[in-house]
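Below is model_25.tsv, which holds TSV, C-alpha atoms.
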chain	number	residue	atom	x	y	z
J	1	MET	CA	0.00	0.00	0.00
J	2	LYS	CA	1.22	3.44	-0.85
J	3	LYS	CA	2.69	5.50	1.97
J	4	LEU	CA	0.10	8.20	1.58
J	5	VAL	CA	-2.85	5.83	1.92
J	6	PRO	CA	-2.77	5.84	5.75
J	7	PHE	CA	-2.20	9.59	5.75
J	8	PHE	CA	-5.35	10.35	3.83
J	9	ALA	CA	-7.36	7.70	5.68
J	10	LEU	CA	-6.31	9.16	9.02
J	11	LEU	CA	-6.96	12.67	7.75
J	12	LEU	CA	-10.50	11.63	6.89
J	13	PHE	CA	-10.92	10.02	10.30
J	14	SER	CA	-9.62	13.14	12.04
J	15	PHE	CA	-11.96	15.25	9.99
J	16	SER	CA	-14.94	13.20	11.09
J	17	LEU	CA	-13.99	13.84	14.72
J	18	SER	CA	-13.74	17.57	14.21
J	19	ALA	CA	-16.41	18.17	11.57
J	20	GLN	CA	-18.86	19.63	13.98
J	21	LYS	CA	-16.33	22.01	15.42
J	22	ASP	CA	-15.25	23.11	11.99
J	23	SER	CA	-18.81	23.73	10.55
J	24	SER	CA	23.49	40.30	-4.41
J	25	ASN	CA	26.00	39.96	-7.40
J	26	SER	CA	23.14	39.13	-9.69
J	27	SER	CA	21.23	42.04	-8.19
J	28	ASN	CA	24.03	44.49	-9.06
J	29	LYS	CA	24.08	43.22	-12.63
J	30	LEU	CA	20.32	43.53	-12.95
J	31	GLY	CA	20.37	46.97	-11.34
J	32	GLY	CA	23.03	47.99	-13.81
J	33	LEU	CA	20.85	46.95	-16.72
J	34	PHE	CA	17.98	49.07	-15.41
J	35	LYS	CA	20.47	51.92	-14.97
J	36	LYS	CA	21.58	51.52	-18.58
J	37	ALA	CA	18.01	51.51	-19.90
J	38	SER	CA	16.94	54.52	-17.83
J	39	SER	CA	20.07	56.47	-18.75
J	40	MET	CA	19.33	55.88	-22.42
J	41	LEU	CA	15.76	57.07	-21.89
J	42	SER	CA	17.01	60.24	-20.15
J	43	LYS	CA	19.35	61.09	-23.01
J	44	ASN	CA	16.76	60.33	-25.63
J	45	SER	CA	14.04	62.45	-24.05
J	46	SER	CA	16.22	65.42	-23.14
J	47	SER	CA	18.34	65.90	-26.23
J	48	GLY	CA	16.74	64.03	-29.08
J	49	SER	CA	20.05	62.22	-29.59
J	50	GLY	CA	21.45	58.99	-28.17
J	51	LEU	CA	20.08	55.50	-28.66
J	52	SER	CA	16.70	54.60	-30.11
J	53	THR	CA	13.63	53.60	-28.19
J	54	ASP	CA	14.05	50.05	-29.51
J	55	GLU	CA	17.52	49.90	-27.97
J	56	ILE	CA	16.21	51.24	-24.67
J	57	VAL	CA	13.49	48.60	-24.63
J	58	SER	CA	16.04	45.92	-25.52
J	59	GLY	CA	18.05	46.78	-22.41
J	60	LEU	CA	14.95	46.59	-20.23
J	61	LYS	CA	13.97	43.24	-21.69
J	62	GLU	CA	17.43	41.89	-20.92
J	63	ALA	CA	17.11	42.95	-17.28
J	64	LEU	CA	13.64	41.38	-16.97
J	65	SER	CA	14.81	38.16	-18.60
J	66	LEU	CA	17.65	37.78	-16.12
J	67	GLY	CA	15.26	38.45	-13.23
J	68	ALA	CA	12.81	35.79	-14.43
J	69	GLU	CA	15.59	33.26	-14.95
J	70	LYS	CA	16.98	33.85	-11.46
J	71	SER	CA	13.55	33.40	-9.84
J	72	THR	CA	12.66	30.18	-11.63
J	73	ALA	CA	16.14	28.71	-11.11
J	74	LYS	CA	15.77	29.29	-7.37
J	75	LEU	CA	12.43	27.49	-7.11
J	76	SER	CA	13.21	24.61	-9.46
J	77	ALA	CA	16.28	23.66	-7.43
J	78	PRO	CA	16.02	20.81	-4.87
J	79	ASP	CA	14.04	22.09	-1.87
J	80	GLY	CA	13.30	25.33	-3.74
J	81	PHE	CA	9.73	25.21	-2.44
J	82	PHE	CA	9.98	22.69	0.38
J	83	LYS	CA	12.57	24.48	2.51
J	84	ASP	CA	11.44	28.03	1.81
J	85	ALA	CA	8.81	29.16	4.32
J	86	ALA	CA	7.70	32.00	2.03
J	87	VAL	CA	6.44	29.64	-0.69
J	88	LYS	CA	6.24	26.15	0.85
J	89	ILE	CA	3.00	24.43	-0.13
J	90	LEU	CA	1.02	23.34	2.92
J	91	LEU	CA	-2.30	21.61	3.38
J	92	PRO	CA	-5.25	23.98	2.89
J	93	LYS	CA	-5.84	26.41	5.75
J	94	GLN	CA	-9.32	25.03	6.28
J	95	VAL	CA	-7.93	21.71	7.53
J	96	GLN	CA	-4.95	22.89	9.54
J	97	ASP	CA	-6.79	22.15	12.80
J	98	ILE	CA	-7.06	18.53	11.66
J	99	GLU	CA	-3.36	18.53	10.79
J	100	LYS	CA	-2.52	19.68	14.33
J	101	LYS	CA	-4.55	16.82	15.81
J	102	MET	CA	-2.72	14.33	13.60
J	103	ARG	CA	0.64	15.65	14.76
J	104	MET	CA	-0.54	15.34	18.38
J	105	PHE	CA	-1.33	11.67	17.71
J	106	GLY	CA	2.22	11.08	16.43
J	107	LEU	CA	1.24	11.16	12.77
J	108	GLY	CA	3.34	14.18	11.81
J	109	LYS	CA	5.53	12.12	9.47
J	110	LEU	CA	2.54	11.27	7.30
J	111	VAL	CA	1.61	14.95	7.02
J	112	ASP	CA	5.21	15.81	6.20
J	113	ASN	CA	5.32	13.18	3.44
J	114	ALA	CA	2.15	14.54	1.88
J	115	GLU	CA	3.52	18.07	1.92
J	116	LEU	CA	6.84	16.90	0.53
J	117	SER	CA	5.13	15.28	-2.46
J	118	MET	CA	3.28	18.51	-3.28
J	119	ASN	CA	6.41	20.65	-3.04
J	120	ARG	CA	8.51	18.26	-5.11
J	121	ALA	CA	5.85	18.43	-7.83
J	122	ALA	CA	6.00	22.24	-7.78
J	123	GLU	CA	9.81	22.19	-8.02
J	124	ASP	CA	9.65	19.88	-11.03
J	125	ALA	CA	7.07	22.05	-12.76
J	126	SER	CA	8.99	25.27	-12.17
J	127	LYS	CA	11.66	24.15	-14.62
J	128	SER	CA	9.23	24.80	-17.46
J	129	ALA	CA	8.53	28.42	-16.46
J	130	THR	CA	11.66	30.11	-17.84
J	131	PRO	CA	10.99	29.68	-21.58
J	132	ILE	CA	7.40	30.86	-21.10
J	133	PHE	CA	8.58	34.01	-19.30
J	134	LEU	CA	11.23	34.68	-21.93
J	135	SER	CA	8.69	34.31	-24.73
J	136	ALA	CA	6.34	36.82	-23.05
J	137	ILE	CA	9.20	39.29	-22.54
J	138	LYS	CA	10.29	38.88	-26.16
J	139	GLN	CA	6.77	39.73	-27.35
J	140	MET	CA	6.55	42.80	-25.13
J	141	THR	CA	5.67	45.96	-27.09
J	142	VAL	CA	7.42	49.33	-26.78
J	143	PRO	CA	4.48	50.85	-24.83
J	144	ASP	CA	4.42	47.79	-22.54
J	145	ALA	CA	8.13	48.11	-21.79
J	146	LEU	CA	8.08	51.85	-21.15
J	147	ASN	CA	5.01	51.51	-18.92
J	148	ILE	CA	6.86	48.86	-16.91
J	149	LEU	CA	9.96	51.02	-16.62
J	150	ARG	CA	7.87	53.89	-15.27
J	151	GLY	CA	5.41	51.70	-13.36
J	152	THR	CA	4.98	50.43	-9.82
J	153	ASP	CA	7.57	48.29	-8.07
J	154	THR	CA	5.91	45.16	-9.46
J	155	ALA	CA	4.68	46.40	-12.84
J	156	ALA	CA	6.75	43.82	-14.72
J	157	THR	CA	5.46	41.02	-12.49
J	158	SER	CA	1.88	42.13	-13.16
J	159	TYR	CA	2.60	42.09	-16.90
J	160	LEU	CA	4.07	38.59	-16.71
J	161	ARG	CA	1.21	37.30	-14.54
J	162	LYS	CA	-1.31	38.65	-17.03
J	163	THR	CA	0.43	37.28	-20.10
J	164	THR	CA	1.77	33.92	-18.87
J	165	THR	CA	-0.63	32.47	-16.28
J	166	SER	CA	-2.64	30.51	-18.83
J	167	GLN	CA	0.47	29.04	-20.48
J	168	LEU	CA	2.13	28.27	-17.15
J	169	THR	CA	-0.97	26.48	-15.92
J	170	THR	CA	-1.08	24.38	-19.09
J	171	ALA	CA	2.62	23.54	-18.75
J	172	PHE	CA	2.55	22.84	-15.01
J	173	MET	CA	-0.54	20.63	-14.77
J	174	PRO	CA	0.73	17.47	-16.51
J	175	ILE	CA	4.08	17.63	-14.69
J	176	ILE	CA	2.40	18.01	-11.31
J	177	GLU	CA	-0.16	15.31	-12.12
J	178	GLU	CA	2.60	12.85	-13.03
J	179	SER	CA	4.57	13.63	-9.87
J	180	LEU	CA	1.55	13.12	-7.62
J	181	LYS	CA	0.48	9.90	-9.33
J	182	LYS	CA	3.49	8.16	-7.87
J	183	THR	CA	1.90	8.26	-4.40
J	184	ASP	CA	-1.80	7.97	-5.33
J	185	ALA	CA	-2.13	11.37	-3.68
J	186	ALA	CA	-4.81	12.55	-6.11
J	187	LYS	CA	-7.20	9.68	-5.34
J	188	TYR	CA	-7.04	10.03	-1.58
J	189	TRP	CA	-7.08	13.81	-1.67
J	190	ASN	CA	-10.34	13.63	-3.62
J	191	ASP	CA	-11.90	11.11	-1.21
J	192	VAL	CA	-10.95	13.05	1.91
J	193	PHE	CA	-11.94	16.50	0.78
J	194	THR	CA	-15.13	15.44	-0.98
J	195	ALA	CA	-16.24	14.21	2.46
J	196	TYR	CA	-14.89	17.35	4.14
J	197	ASN	CA	-16.83	19.61	1.78
J	198	ARG	CA	-20.15	18.01	2.79
J	199	PHE	CA	-19.82	19.57	6.23
J	200	SER	CA	-17.74	22.70	5.65
J	201	SER	CA	-18.96	26.18	4.76
J	202	LYS	CA	-15.54	26.78	3.15
J	203	PRO	CA	-15.03	23.97	0.65
J	204	VAL	CA	-11.58	22.75	-0.35
J	205	ASP	CA	-10.71	22.21	-4.01
J	206	THR	CA	-10.95	18.45	-4.50
J	207	ASP	CA	-8.54	18.57	-7.44
J	208	ILE	CA	-5.07	18.25	-5.93
J	209	ASN	CA	-3.45	18.98	-9.29
J	210	SER	CA	-5.28	22.30	-9.47
J	211	TYR	CA	-4.40	23.15	-5.86
J	212	VAL	CA	-0.68	22.44	-6.24
J	213	THR	CA	-0.52	24.22	-9.61
J	214	SER	CA	-2.13	27.32	-8.13
J	215	LYS	CA	0.27	27.34	-5.18
J	216	ALA	CA	3.26	26.74	-7.46
J	217	LEU	CA	2.31	29.74	-9.59
J	218	ASP	CA	1.88	31.86	-6.47
J	219	GLY	CA	5.41	30.92	-5.45
J	220	ILE	CA	6.88	31.70	-8.87
J	221	PHE	CA	5.28	35.13	-9.04
J	222	TYR	CA	6.20	35.87	-5.45
J	223	TYR	CA	9.88	35.61	-6.29
J	224	VAL	CA	9.56	37.34	-9.64
J	225	ALA	CA	8.05	40.27	-7.73
J	226	GLN	CA	10.79	40.13	-5.08
J	227	GLU	CA	13.44	40.23	-7.78
J	228	GLU	CA	11.75	43.13	-9.56
J	229	VAL	CA	11.51	45.19	-6.37
J	230	ASN	CA	15.16	44.46	-5.64
J	231	ILE	CA	16.20	45.68	-9.09
J	232	ARG	CA	14.14	48.84	-8.87
J	233	LYS	CA	15.28	49.74	-5.37
J	234	ASN	CA	18.97	49.11	-5.99
J	235	PRO	CA	20.64	52.54	-5.49
J	236	ALA	CA	23.15	51.76	-8.24
J	237	GLY	CA	20.26	51.70	-10.68
J	238	ARG	CA	18.79	55.11	-9.71
J	239	VAL	CA	21.48	57.63	-10.61
J	240	THR	CA	19.68	59.76	-13.19
J	241	ASP	CA	16.90	62.28	-12.65
J	242	ILE	CA	14.43	60.36	-14.81
J	243	LEU	CA	15.09	57.11	-12.94
J	244	LYS	CA	14.64	58.80	-9.57
J	245	LYS	CA	11.31	60.22	-10.72
J	246	VAL	CA	10.06	56.93	-12.12
J	247	PHE	CA	11.14	54.68	-9.24
J	248	ALA	CA	10.73	57.15	-6.36
J	249	LYS	CA	8.07	55.97	-3.90

Now that the file is in, can you turn its structure into structure tokens?
Amino acid sequence: MKKLVPFFALLLFSFSLSAQKDSSNSSNKLGGLFKKASSMLSKNSSSGSGLSTDEIVSGLKEALSLGAEKSTAKLSAPDGFFKDAAVKILLPKQVQDIEKKMRMFGLGKLVDNAELSMNRAAEDASKSATPIFLSAIKQMTVPDALNILRGTDTAATSYLRKTTTSQLTTAFMPIIEESLKKTDAAKYWNDVFTAYNRFSSKPVDTDINSYVTSKALDGIFYYVAQEEVNIRKNPAGRVTDILKKVFAK
């Protein structure tokens, strides 16, 4: 019998008991690329000379590409999700009281194994994110790029979320599904949370593939945003008047 079988069976049992109650080097390089792009923009707008808008946008795209690559490389590495408290995928919040009871009964290892399987699936899937991000950046228009340069601290992340979420979901789902099949996690997740949803006013998604994919995407975009903020707030990248005006908060 698979290792996760007793975990999900015990989770269901615990639910039944509680159902009533529940009812920095890289950063400098990236900052330098933003500095280069903003300096070009300053020269272009103030004197009519200097490099073209296309060249300015090219510099910005290079900076964004490096930021996306760094973020996805971090999360696709071993323990990229599992040992990072900021993005680690846990059981749904609605059932954390059940999880606590299981740990009290000495069943913490089973919970840990379930969480490990979800995080390993997310790490595997994250490897496919880089080419999707790079494609979206490559297709970025001049207005898109200049709006990002002058935008909020996470303007580029918002652009990437808007333009890549559908593709990332399509790419992630089969990888995550295959990873979770190895432990029969999907079957027992569905059994447990279908029962849970009969009694709860806050239903849990019974599709474990969908749940893990959603959490994996949240983790990816979390670090893309962190990297973008880091680039924008790097003092080495804010040395011109135009850059200070655009990135000043």

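Put simply, CA of Arg103 in chain J is 29.1 Å away from CA of Tyr222 in chain J.
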
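The gap separating CA of Ala129 in chain J from CA of Ala171 in chain J is 8.0 Å, in Å to one decimal.
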
Padding 5 Å on each side, edges along x, y and z: where is the centre of the box around the listed atoms of range 88-101 of chain J, and how long are its edges in Å to one decimal? Output it as AutoDock Vina command-line options.
--center_x -1.5 --center_y 21.6 --center_z 7.8 --size_x 25.6 --size_y 19.6 --size_z 25.9

| task | Kindly extract all protein, DNA and RNA residues lying within 12 Å of the coordinates (5.8, 46.6, -21.8) given in the file, considering only C-alpha atoms, and supply them as a ChimeraX atom specification. | result | /J:54,56-58,60-61,64,136-151,155-160,162-163

| task | Take CA of Glu227 in chain J and CA of Asp124 in chain J and report the distance between them in Å, one decimal. | result | 21.0 Å

| remark: Of J:Lys93, J:Lys70, J:Lys100, J:Lys181, the one sitting nearest Thr130 in chain J when using only C-alpha atoms is J:Lys70

Do you know which residues are at most 8 Å from Lys215 in chain J counting all atoms listed in the file, after dropping those on the same chain fewer than 3 positions away, and could you put them as a tab-separated table (two decimals) with C-alpha atoms, keeping the file's coordinate frame?
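And here's out_15.tsv as it stands now:
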chain	number	residue	atom	x	y	z
J	87	VAL	CA	6.44	29.64	-0.69
J	89	ILE	CA	3.00	24.43	-0.13
J	211	TYR	CA	-4.40	23.15	-5.86
J	212	VAL	CA	-0.68	22.44	-6.24
J	218	ASP	CA	1.88	31.86	-6.47
J	219	GLY	CA	5.41	30.92	-5.45

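Checking J:Ser126, J:Thr152, J:Gln96, J:Thr194 one by one against Glu69 in chain J, counting only C-alpha atoms, you find the shortest gap at J:Ser126.
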
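Contact shell of Trp189 in chain J at 7 Å (all atoms listed in the file; same-chain neighbours under 2 positions omitted): Phe8, Ala185, Ala186, Lys187, Asp191, Val192, Phe193, Thr206 and Ile208 of chain J.
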